[in-house]
Structure formats: structure tokens, C-alpha cells
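K.L.:
Following this message is one structure expressed as C-alpha cells.
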Amino acid sequence: MKEIKAICQLDYEPKRLALKLSNSGEKHVLSGHPWLFSDRIEKINKEGNPGDIAIVFSKKTNQVIGVGLFDPSSPIRVKLLHHQSGTAIDSNFFKEKIEAAYAKRLPLLETKTNSYRLIYGEGDGFPGLIADVYDSVLVIKLYSEIWLPYFETIASLLIDTSQCETAVLRFSRNILNSKQVSVEDGTVIYGALKDDVVLFEEHGIAFSANVIKGHKTGYFLDHRENRRRVGLLSKDRTVLDVFSYAGGFSVHALANGATEVTSLDISAQALEVAKSNAKLNTHSGIHKTIVGDAFQALNNLIKKRKTFDVVVIDPPSFAKQQSEVALAKKKYAQLAELGAKLVAKNGTLVLASCSSRVTARSFFDINLQTLRKQGRPFEVLDTTYHDIDHPVTFQEGAYLKCGYYQFSH
């Protein structure tokens, strides 16, 4: 086991809790869902701390139907790690899950790619924990205190499996306020970090990630396959990359022979990163940037009668909560309409969403309905979802969807 820097001084030892559920709660657990909400728990034998082992019993048969970790501060009171029976939550349990997750990523690592999500939360059996690899640097992000009692064991196993030389710990906002944590966000917990900015490869294209201060773990790995596909569409073409952030789509387009790429984002700082990422790769195309609100900037381009052979629109989530879904759908329709007006003759429009509360069916229906109103013949080239390092095991875990629309004139 690797020696990991201690990140907390817990004032308790994890204990075992026994839970019985309502009928709906029991049905929920038996379906394999990883979340158990507090209002579905009818009885618990004692008060619990974050990370206590919650053993869930059937109301009808009194048999164990699941084991998880208790989270007293969250409405999702138990994050299930195991279903159908009892099991020991120990280093062997975590080792098997991490090795299984790594095995799923092996095909990706044969594609000139050394950046991947090793652990995708619930999708790999670790609710509230993310682990990304950038070349030889592992970045672990914690979203819940439930992992604190087991962190050193899990971090050591992740380093062993990934063979990374350095590990960095990142925290979500709620963990930053935890009284149990004794280190800062961005702490190097294993090895040494030569530079906050780490270079890595994605399908042979060079990128960088600031693993200490960058958003999430430093970069968005989930659109990797869509970025590759956009690159293949871009040779000898002009490209508009809307909500470009660090220039993922832009860089793939330039590296694959686009004649001109325009990166549009509200953050001037993000666009500087996009320009730097583009310079990491050999290309002859022109790289332009526009700083501004996407909706306003797109309308300005339309007024100027600008068009592009490929238009990519990949906004941040518009629906963080259920009350925002209706407005999110309106925004997706607006973007589809604006995008269609900017696509040149025989051009391609790529529309993406990362709002989990807007289903894939709803998103693609919005796109089709909006594009049909534009009076331009088009066909759906493809609809895509998560790459293999973002496995989906339950409905709420499915957030990424992307549509490719080809106009015939």
C-alpha cells in the first residue's frame, strides 16, 4: 500500500447501522438504485456519522438487501455500494471495484490517450467520488464526507492500479467546509507535482489541465469521443466552437486541418487556455476567439451574415434543479435555432447537453422540432452518449448527449 498524506483526523470510528425501509424504499433498493433517501427509511437502530456502514434489511423477509455508507447531512441518507445481500466493506471490496473499473477503460488506453476517468462515482460503485488520470497524475475529487474514513485505503489502491506517480486531492464546496478535513483543496497527497499544469494526450492530440485550480479536476474528459469526431469533420472547413471553455473541440478541429476555428466563451481566461492548448499541436489554421455571452454573440454573428461549415454548441448545465427544466428546454431550442442560422451550405451542426434533468429523448426532440422549423433540409447523422470511462448504471447518472445534424443546402 502506498503511503498517502493524512487528510483528516476523525473523532469517531465507523460503526455498523441497521436500517429498515418503507415499501417504496425497499423496492427502490431492490431495483439496484444507488441512492436511498431519508424519507424512505422507517427505522434505524442508532444515530450515525458520515461513512458508517449502513446495512439495509428487508421489511418483509428481514434479509439483508443492501450495504452502503451513511450520510447524515444529505437527503440521500445512504449511498449504496452493494445490492441484494451483505458484504464486508474493506480493502478487498474496494480493490475489486477499482480493478473492475480500470479493466473497462483498457480499450480507451490503446487509442493514443493517457487521460481518462478511472472512477465515475455511482457508475463504478463510488457515489460521491471521482478519480481522473492525466498522464502520470491522479486527481481525486471528493463530494461527500462518507469517504473520509476509507480515503487512505482507496487513494492507495487508485495509485497502485493507475500506476500514477503523483496524486492530488480536490474537494467539492461542501467538503471545503468540513470540520473533519485538515488539508486544503488541491493538496498533493502522494509524490511531487512539478507544475500545476499537466500535459496529456487525447486521441493523439495534446492538451493541458490545471489539476490544482482548474474546474472540476482540471478538464472535462466526458466529451472526448465527440471531440475526436468533430476533429474528423473539420478538415479544410471553418468551425465555430460555442461555450468552448479550454478549447476541446477547437483544438481537435485545428489539429485535424480546419482552415479557421473560432472559439466563443464568456471567460477570457478560459479562452487563453484554449489558445495555449491549440499551440501544443501542429496546425496551419487560423484560431480566433470571441469573449462574450453566447446568445448575444451568436445573434451578432448572424447579423453580420457569418456562417461556418461546422458549428458546435456545448453549453454548461442549464438545469441544476427540477424547477429550472422548463427554462433549460427553451434555451436548448434557442441555441438550436441560432446554430442552424450559422451553419453554412452543406454544413454540420453539433448540439450537446450535460443537463441530467433534461432527458436525452427530450433534448433530441427539442432539436428536431426546432431544426424542422428552419426550413432547411437536414438529416440526423448520429446521436451519442457517454464515453466508456463514464459508465451509466442508473437514470440520474445519464447526463451527456450529443446530436449531429447535417444540412443538405
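We name chains A, B, ... following the order of the C-alpha cells; residues begin at 1 in each chain, and ligands are numbered from 1 as shown.
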Output as JSON, numbers by chain all residues of region 174-362 of chain A that backbone DSSP marks as strand (DSSP E or B).

P.N.:
{"A": [181, 187, 188, 189, 190, 197, 198, 199, 200, 201, 202, 205, 206, 207, 208, 209, 210, 238, 239, 240, 241, 242, 260, 261, 262, 263, 264, 265, 286, 287, 288, 289, 290, 291, 308, 309, 310, 311, 312, 313, 343, 344, 345, 346, 347, 348, 349, 350, 351, 352, 353]}

K.L.:
If DSSP is run on the backbone, what residues of region 120-342 of chain A are alpha helix (DSSP H)? A reply as an MDAnalysis selection string would be ideal.

P.N.:
chainID A and resid 151:162 173:176 224:233 248:255 268:279 294:303 325:342

K.L.:
Interatomic distance between CA of Ile130 (chain A) and CA of Phe57 (chain A)?

P.N.:
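It comes out at 28.5 Å.
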
K.L.:
Name the closest residue to Ala340 (chain A) among the candidates A:Gly375, A:Pro316, A:Gly186, A:Gly191; distances are taken between atoms, counting only C-alpha atoms.

P.N.:
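Going through A:Gly375, A:Pro316, A:Gly186, A:Gly191 one by one, the smallest distance to Ala340 (chain A) is for A:Gly375.
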
K.L.:
Considering only C-alpha atoms, state which residue in the set A:Leu36, A:Leu301, A:Leu400, A:Cys164 is at the smallest distance from Lys79 (chain A).

P.N.:
A:Leu36

K.L.:
For Leu338 (chain A), please output as a list in words all residues within 8 Å (counting only C-alpha atoms; exclusion window: fewer than 2 positions along the same chain).

P.N.:
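Residues meeting the cut-off are Leu298, Asn299, Ile302, Gln334, Leu335, Ala336, Ala340, Lys341 and Leu342 of chain A.
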
K.L.:
With C-alpha atoms retained, could you export that selection as a PDB file, in the first residue's frame?

P.N.:
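Listed below is the output, selection-v3.pdb:
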```
ATOM      1  CA  LEU A 298     -24.408  34.266 -31.849  1.00  0.00           C
ATOM      2  CA  ASN A 299     -27.010  36.904 -32.690  1.00  0.00           C
ATOM      3  CA  ILE A 302     -25.998  36.189 -37.571  1.00  0.00           C
ATOM      4  CA  GLN A 334     -32.891  28.916 -28.824  1.00  0.00           C
ATOM      5  CA  LEU A 335     -29.388  27.522 -29.312  1.00  0.00           C
ATOM      6  CA  ALA A 336     -30.554  25.024 -31.931  1.00  0.00           C
ATOM      7  CA  ALA A 340     -28.868  26.435 -37.646  1.00  0.00           C
ATOM      8  CA  LYS A 341     -28.708  30.034 -38.876  1.00  0.00           C
ATOM      9  CA  LEU A 342     -24.914  29.970 -38.603  1.00  0.00           C
TER      10      LEU A 342
END
```

K.L.:
Smallest atom-to-atom distance to Ala398 (chain A): which of A:Leu381, A:Ala167, A:Ala360, A:Cys8, using only C-alpha atoms?

P.N.:
A:Ala360

K.L.:
Would you pick out the contacts of region 102-119 of chain A at 8 Å or less, using only C-alpha atoms, so that residues sharing its chain but fewer than 4 positions from it are not included, and give the list as a PyMOL selection string?

P.N.:
chain A and resi 98+123-124+126+129-135+161-162+200-204+221+388-390

K.L.:
Please produce a file of those selected residues containing N, CA and C atoms, as a PDB file, in the first residue's frame.

P.N.:
```pdb
ATOM      1  N   ILE A  98     -12.183  -1.160  -7.951  1.00  0.00           N
ATOM      2  CA  ILE A  98     -11.249  -0.305  -8.685  1.00  0.00           C
ATOM      3  C   ILE A  98     -10.626  -1.064  -9.851  1.00  0.00           C
ATOM      4  N   GLY A 123     -21.370   5.239 -11.087  1.00  0.00           N
ATOM      5  CA  GLY A 123     -21.190   4.348 -12.230  1.00  0.00           C
ATOM      6  C   GLY A 123     -20.175   3.242 -11.983  1.00  0.00           C
ATOM      7  N   ASP A 124     -19.255   3.491 -11.052  1.00  0.00           N
ATOM      8  CA  ASP A 124     -18.248   2.485 -10.701  1.00  0.00           C
ATOM      9  C   ASP A 124     -18.356   2.045  -9.249  1.00  0.00           C
ATOM     10  N   PHE A 126     -18.766   4.069  -6.502  1.00  0.00           N
ATOM     11  CA  PHE A 126     -18.189   5.001  -5.527  1.00  0.00           C
ATOM     12  C   PHE A 126     -18.980   6.307  -5.519  1.00  0.00           C
ATOM     13  N   LEU A 129     -17.514  10.198  -5.330  1.00  0.00           N
ATOM     14  CA  LEU A 129     -16.059  10.184  -5.502  1.00  0.00           C
ATOM     15  C   LEU A 129     -15.710  10.071  -6.987  1.00  0.00           C
ATOM     16  N   ILE A 130     -14.818  10.921  -7.441  1.00  0.00           N
ATOM     17  CA  ILE A 130     -14.358  10.939  -8.826  1.00  0.00           C
ATOM     18  C   ILE A 130     -12.838  10.799  -8.831  1.00  0.00           C
ATOM     19  N   ALA A 131     -12.312  10.054  -9.777  1.00  0.00           N
ATOM     20  CA  ALA A 131     -10.851   9.959  -9.921  1.00  0.00           C
ATOM     21  C   ALA A 131     -10.496  10.041 -11.398  1.00  0.00           C
ATOM     22  N   ASP A 132      -9.732  11.068 -11.761  1.00  0.00           N
ATOM     23  CA  ASP A 132      -9.295  11.276 -13.139  1.00  0.00           C
ATOM     24  C   ASP A 132      -7.780  11.143 -13.234  1.00  0.00           C
ATOM     25  N   VAL A 133      -7.332  10.626 -14.368  1.00  0.00           N
ATOM     26  CA  VAL A 133      -5.897  10.467 -14.618  1.00  0.00           C
ATOM     27  C   VAL A 133      -5.490  11.369 -15.776  1.00  0.00           C
ATOM     28  N   TYR A 134      -4.430  12.158 -15.551  1.00  0.00           N
ATOM     29  CA  TYR A 134      -3.827  12.976 -16.605  1.00  0.00           C
ATOM     30  C   TYR A 134      -2.365  12.558 -16.705  1.00  0.00           C
ATOM     31  N   ASP A 135      -2.065  11.725 -17.687  1.00  0.00           N
ATOM     32  CA  ASP A 135      -0.722  11.181 -17.856  1.00  0.00           C
ATOM     33  C   ASP A 135      -0.325  10.433 -16.582  1.00  0.00           C
ATOM     34  N   THR A 161      -3.311   0.941  -8.942  1.00  0.00           N
ATOM     35  CA  THR A 161      -3.965   0.482 -10.173  1.00  0.00           C
ATOM     36  C   THR A 161      -3.586   1.340 -11.373  1.00  0.00           C
ATOM     37  N   SER A 162      -3.575   2.639 -11.203  1.00  0.00           N
ATOM     38  CA  SER A 162      -3.283   3.559 -12.310  1.00  0.00           C
ATOM     39  C   SER A 162      -1.794   3.706 -12.580  1.00  0.00           C
ATOM     40  N   PHE A 200      -1.228  16.252 -21.278  1.00  0.00           N
ATOM     41  CA  PHE A 200      -1.720  14.893 -21.519  1.00  0.00           C
ATOM     42  C   PHE A 200      -2.187  14.767 -22.959  1.00  0.00           C
ATOM     43  N   GLU A 201      -2.489  13.541 -23.376  1.00  0.00           N
ATOM     44  CA  GLU A 201      -2.918  13.263 -24.753  1.00  0.00           C
ATOM     45  C   GLU A 201      -4.338  12.734 -24.784  1.00  0.00           C
ATOM     46  N   GLU A 202      -5.062  13.140 -25.828  1.00  0.00           N
ATOM     47  CA  GLU A 202      -6.420  12.668 -26.056  1.00  0.00           C
ATOM     48  C   GLU A 202      -6.535  12.297 -27.531  1.00  0.00           C
ATOM     49  N   HIS A 203      -6.550  11.004 -27.824  1.00  0.00           N
ATOM     50  CA  HIS A 203      -6.560  10.536 -29.213  1.00  0.00           C
ATOM     51  C   HIS A 203      -5.444  11.192 -30.035  1.00  0.00           C
ATOM     52  N   GLY A 204      -4.269  11.287 -29.411  1.00  0.00           N
ATOM     53  CA  GLY A 204      -3.108  11.821 -30.105  1.00  0.00           C
ATOM     54  C   GLY A 204      -3.012  13.331 -30.134  1.00  0.00           C
ATOM     55  N   LEU A 221     -13.326  15.527 -19.325  1.00  0.00           N
ATOM     56  CA  LEU A 221     -12.950  14.354 -20.113  1.00  0.00           C
ATOM     57  C   LEU A 221     -14.142  13.714 -20.824  1.00  0.00           C
ATOM     58  N   ILE A 388     -16.669   5.411 -22.720  1.00  0.00           N
ATOM     59  CA  ILE A 388     -16.613   4.203 -21.896  1.00  0.00           C
ATOM     60  C   ILE A 388     -16.089   4.447 -20.480  1.00  0.00           C
ATOM     61  N   ASP A 389     -15.412   5.574 -20.245  1.00  0.00           N
ATOM     62  CA  ASP A 389     -14.930   5.839 -18.886  1.00  0.00           C
ATOM     63  C   ASP A 389     -15.942   6.616 -18.053  1.00  0.00           C
ATOM     64  N   HIS A 390     -17.169   6.755 -18.574  1.00  0.00           N
ATOM     65  CA  HIS A 390     -18.266   7.368 -17.825  1.00  0.00           C
ATOM     66  C   HIS A 390     -19.475   6.423 -17.871  1.00  0.00           C
TER      67      HIS A 390
END
```
